[in-house]
Amino acid sequence: MKLIEMEMFKQLSNIELAKLLGKLERVSLQPGETLFAQRDPGDSMYMIDSGTIELFTQSEGTRHLLAKLSEGDTLGEMALLTGEARSAMAVAGTSVTLLRIDRETFDQLIGEHPTISAYFIRLISQRLMSTNDRLRDSKEMRAQWLLQELDQLPQQLVQCLLWSAHIAVIHPQLVELRFGFDMREQVERFPVMERFMSVVSQLEEQQWWAVKAEVKSALTELATDRYSYKEKRSWFEEAEAFYWENEQWLALAAMYAEDRNWEKLLHTAPRYKAASEWEDRELLRLLRQCPDDELSRYFPALEQAIRLCLARSAEEGLQLVEAALQGAADYKAEQRIALYEWGAELSRLLNNRHKALEYLQLAEAAAGARSGRRKHGELEEEREYQLAQQQLTTRKSLLFAERASRLIKPTEWAKWLALAAAIGMIALFAVLTPVAGLSDKGMLFIGIAIAAVILWIVNIIPDYIVALGMAMLWVLGGIVKPEVALSGFASSTWLYMIFIMSISVVITKSGILYRLSLHALKRFPPHFRGQLWGIVAGGIVLNPLIPSSSAKVSLGVPIAQTLSESMGFKDRSAGAAGLGLAAMVFYGFTAPFVLTGSYTNVMAFSLTGSTSAVSWLQWAFYALPAFVVFAAVMLAALSFMFKGSKISVKQVSGKVLDEQIRLLGPLTNEERISVFTVVGCIALMMLQPLHGIDSTWIMLIGFSVLVISGVLDRQSLIGGIDWTFLLFLGIAFSFANAANELGIVESLTDFLGANMSFFISSPALFLAAVIVLCFVVTLIVRDDPAVILLVTALLPLSQQAGVHPWILVFVILLSTDPFFFSYQSPTYLTAYFSSEERAFSHRQGQKVAVGYAAAVLLAVLVSVPYWKWIGLLH
């Protein structure tokens, strides 16, 4: 039976089914073989792919057949849902093949796919109906017992009991008003009453009463035999009027819930004001009886229920939020935003940081869509919102990585101290006497730059705001003209970044990369070392296709994690860590070896102001020996560190990979155009020596194809491109132009040449020093700011050392992403969080970090003779 034909999976997409299939274990049994015994631990559930399973209960050595299950049925899920032991024995009736789902995968499915939760709810309901049929036989015996008990009571008390069975909770004054006696006195006088009535709660110094659940239905049926419907309805209406008059909203809510009058319940509940903890819990219980679709339609009651859950039951609250968001209710924008914010808070209370961040981002996206509605209309709002939802999953790990990479947490005192230091630095350099031949403007420029670095380190203000503020001070302070301060936005490289980011959006949102990775894995042996080579091959093939290290590891590490599960490796075991870290390295850390591996490559080389451009083919040619050495060292390190993983618990099935690929189906038209465009652009860049067209205009051609074909629409451009990074980038390019105009580069050249002659005596020594310096600088400044500062500062010295600008940029790109400490590398953190912290631990990552540092150093030093031979070193 095909996975997609099983009822519980019908709502999953093809990609989700393909990923799930890689986590399932196939189990085969012969007729008469036992799958599990009664009272065995329930650690997994099964789906029948073919054949039949018979379920038995066993008592005193005798088996009793409960049911026969066949193709498409599930079994064993009750033990997973309740945490209890197996309630029955499962035996193969024929030759049978099953798909096993372990507890971890089961919990993940339930948490991520509400349709699967609904399937199990229906399944449990059907089984309860079957149980009810068996209980019906005992009903008549219970009715006889009831009549015998009631015969011991006066007729007035019997009438009171039959009346009470129709009122959910009973106020003592209501009993006195109708029957003229005190309920407590009657219970004390006739002890048999305790078998029927119980005290619900002691409120306002009075006892509220209710009929016990075990006798309520029997009393209700007896009242039906003795009284008319109209008379019984009058009882309800009399109690209803009493509670309305006395503003007993909780009692009213209980009556409406028991009467299944959901509309009145939902309009009454918001009148209730928080009182005792018991009352709050009771109201929440009543609201939870209301069907989710009814509760979702009346927002005040839904809000009340969620707020009660925030204080008392976060798990129930999150279920309410998810049910409301998946329902058909038409919420206003502010209501939807509130639901997302509650979802974030409830997830935080449950320590589910991933889901909390997801809801916060959805709230942000909904708020943006709400403001966009006024400008673009309702249809535009919906499209913007859908795009934001589509991109959210891939952005989640990036946002966690950004937060975890902060060196200094933004406490209140840190904010004020950083701002004071930044302002003080600008003031200090404004009054200092110029040095090293700099002008007053040059000194002020350096002071502003140092202030920006301080703010980047503390990270309390977004990078692009700091950069824009820096440009504003250049102009307001009369340091440079506005056209120089904004010159970076007029460069062809800045346009190139827009085009390459646009293509990246198209590739990321399609299933191309996942599809290619599955094909790569299929062609390698089904053991640890074979799949390690498959991951390496997948990373090499995909590296040039998408210019974002973070996006690539967000794809590669989850694939490696799925692969680990298929091979039976436990979370953070040697096998899981080996494959996960290999994916991280070869999907993300190989970006500097090809021009289109990361848009930071283009940005960094543009900062050098080199008159001779480096084509795609030249870049790959220059970096080839370094890549060979780097790959060899990293493969040796990974194989050595995780050598205990050579034999997996189970083998990766080629059939499973075939089924995953089949589920993805043929290439869509959008995927075909995307592949054609990306491969065409790379091919044109490789052939640049023949046609002479600059890379920027090649990427413009690709951009145009995607726009004209409709693959890249307006919403993708608005929501998919990191425009804030482009703002930061434009100022970074302007920074280099302003530094040249002010003579800072020339002064820096003279200063470094005079004081660091030891390092420029040998290219190998100079490059080794650059690597070490990068490792140290990233302890404080990370990511693109570190690249910009290092390229700008070291370029003059590299020229004196006879090092080509490309080599300096290449070495800096390789060396500014170490992960000795987790916060140092955004790429590492993205990889860590993209597997939901399950692929590897930070300690395992630190071991590989040492190998990575050695690989970078060896790759560069071994390449020195090669670079001399091709004329890049003098």
# chains A, B, ... in the order shown; residues from 1 in each chain; ligands from 1
$ residues_around --residues "Val776 in chain A" --least-positions-apart "3" --cutoff "12 Å" --atoms "only C-alpha atoms" --output "tab-separated table (two decimals) with C-alpha atoms, in the first residue's frame"
chain	number	residue	atom	x	y	z
A	769	ALA	CA	49.10	35.67	10.33
A	770	VAL	CA	45.92	36.72	8.52
A	771	ILE	CA	44.26	33.39	9.42
A	772	VAL	CA	45.19	33.72	13.10
A	773	LEU	CA	44.07	37.36	13.15
A	779	LEU	CA	35.78	36.40	19.00
A	780	ILE	CA	34.43	39.97	19.05
A	781	VAL	CA	33.12	40.90	15.58
A	782	ARG	CA	31.42	38.32	13.39
A	786	ALA	CA	34.24	41.24	10.39
A	790	LEU	CA	39.51	42.83	7.90
A	815	SER	CA	38.91	32.23	8.27
A	816	THR	CA	36.08	34.45	9.50
A	817	ASP	CA	33.70	31.58	10.25
A	818	PRO	CA	35.49	29.50	12.91
A	819	PHE	CA	33.36	27.81	15.55
A	820	PHE	CA	35.70	27.18	18.49
A	821	PHE	CA	32.92	28.88	20.47
A	824	GLN	CA	31.53	32.84	16.67
$ residues_around --residues "Leu486 in chain A" --least-positions-apart "2" --cutoff "8 Å" --atoms "only C-alpha atoms" --output "list in words"
Ala471, Pro482, Glu483, Val484, Gly488, Phe489, Ala490, Gly730, Ile731 and Ser734 of chain A
$ atom_distance --atom1 "CA of Asp463 in chain A" --atom2 "CA of Glu746 in chain A"
27.2 Å
$ residues_around --residues "range 597-601 of chain A" --least-positions-apart "3" --cutoff "6 Å" --atoms "only C-alpha atoms" --output "ChimeraX atom specification"
/A:543-544,547-548,591,594,604
$ write_last_selection --atoms "C-alpha atoms" --output "PDB file, in the first residue's frame"
ATOM      1  CA  ASN A 543      27.405  24.767  -3.466  1.00  0.00           C
ATOM      2  CA  PRO A 544      27.377  26.961  -6.606  1.00  0.00           C
ATOM      3  CA  PRO A 547      24.613  31.906  -2.774  1.00  0.00           C
ATOM      4  CA  SER A 548      23.864  31.570   0.931  1.00  0.00           C
ATOM      5  CA  ALA A 591      31.113  28.570   0.016  1.00  0.00           C
ATOM      6  CA  VAL A 594      33.256  29.205  -5.802  1.00  0.00           C
ATOM      7  CA  ALA A 604      34.252  41.083  -0.056  1.00  0.00           C
TER       8      ALA A 604
END
$ atom_distance --atom1 "CA of Ser504 in chain A" --atom2 "CA of Trp697 in chain A"
16.5 Å
$ residues_around --residues "range 84-88 of chain A" --least-positions-apart "2" --cutoff "12 Å" --atoms "only C-alpha atoms" --output "compact mmCIF listing (two decimals) with C-alpha atoms, in the first residue's frame"
# COMPACT_ATOMS: atom_id res chain seq x y z
CA THR A 34 4.01 -12.21 17.66
CA LEU A 35 4.52 -8.50 17.03
CA PHE A 36 4.11 -7.55 20.69
CA ALA A 37 2.61 -9.17 23.79
CA GLN A 38 0.04 -7.86 26.24
CA ARG A 39 1.63 -5.59 28.90
CA ASP A 40 4.78 -5.03 26.78
CA PRO A 41 6.11 -1.42 26.90
CA GLY A 42 4.47 0.74 24.21
CA ASP A 43 7.44 2.36 22.48
CA SER A 44 6.09 2.46 18.90
CA MET A 45 3.05 2.13 16.66
CA ILE A 53 -2.80 -8.70 12.19
CA GLU A 54 -5.01 -10.29 14.86
CA LEU A 55 -5.43 -8.64 18.28
CA PHE A 56 -6.04 -10.78 21.40
CA THR A 57 -6.51 -10.27 25.10
CA GLN A 58 -5.11 -13.00 27.30
CA SER A 59 -6.35 -14.00 30.76
CA ARG A 63 -6.86 -15.93 24.30
CA HIS A 64 -9.88 -13.84 23.32
CA LEU A 65 -9.94 -12.42 19.79
CA LEU A 66 -10.66 -8.68 19.79
CA ALA A 67 -10.22 -7.64 16.15
CA LEU A 75 -2.19 -0.48 15.80
CA GLY A 76 -0.17 0.22 18.94
CA GLU A 77 -0.98 3.92 18.98
CA MET A 78 -2.94 3.79 22.26
CA ALA A 79 0.17 2.88 24.21
CA LEU A 80 1.97 5.88 22.70
CA LEU A 81 -0.94 8.21 23.44
CA THR A 82 -1.46 7.08 27.05
CA ALA A 90 -0.71 -8.62 18.28
CA VAL A 91 -0.09 -11.73 16.14
$ atom_distance --atom1 "CA of Ala626 in chain A" --atom2 "CA of Val678 in chain A"
25.3 Å
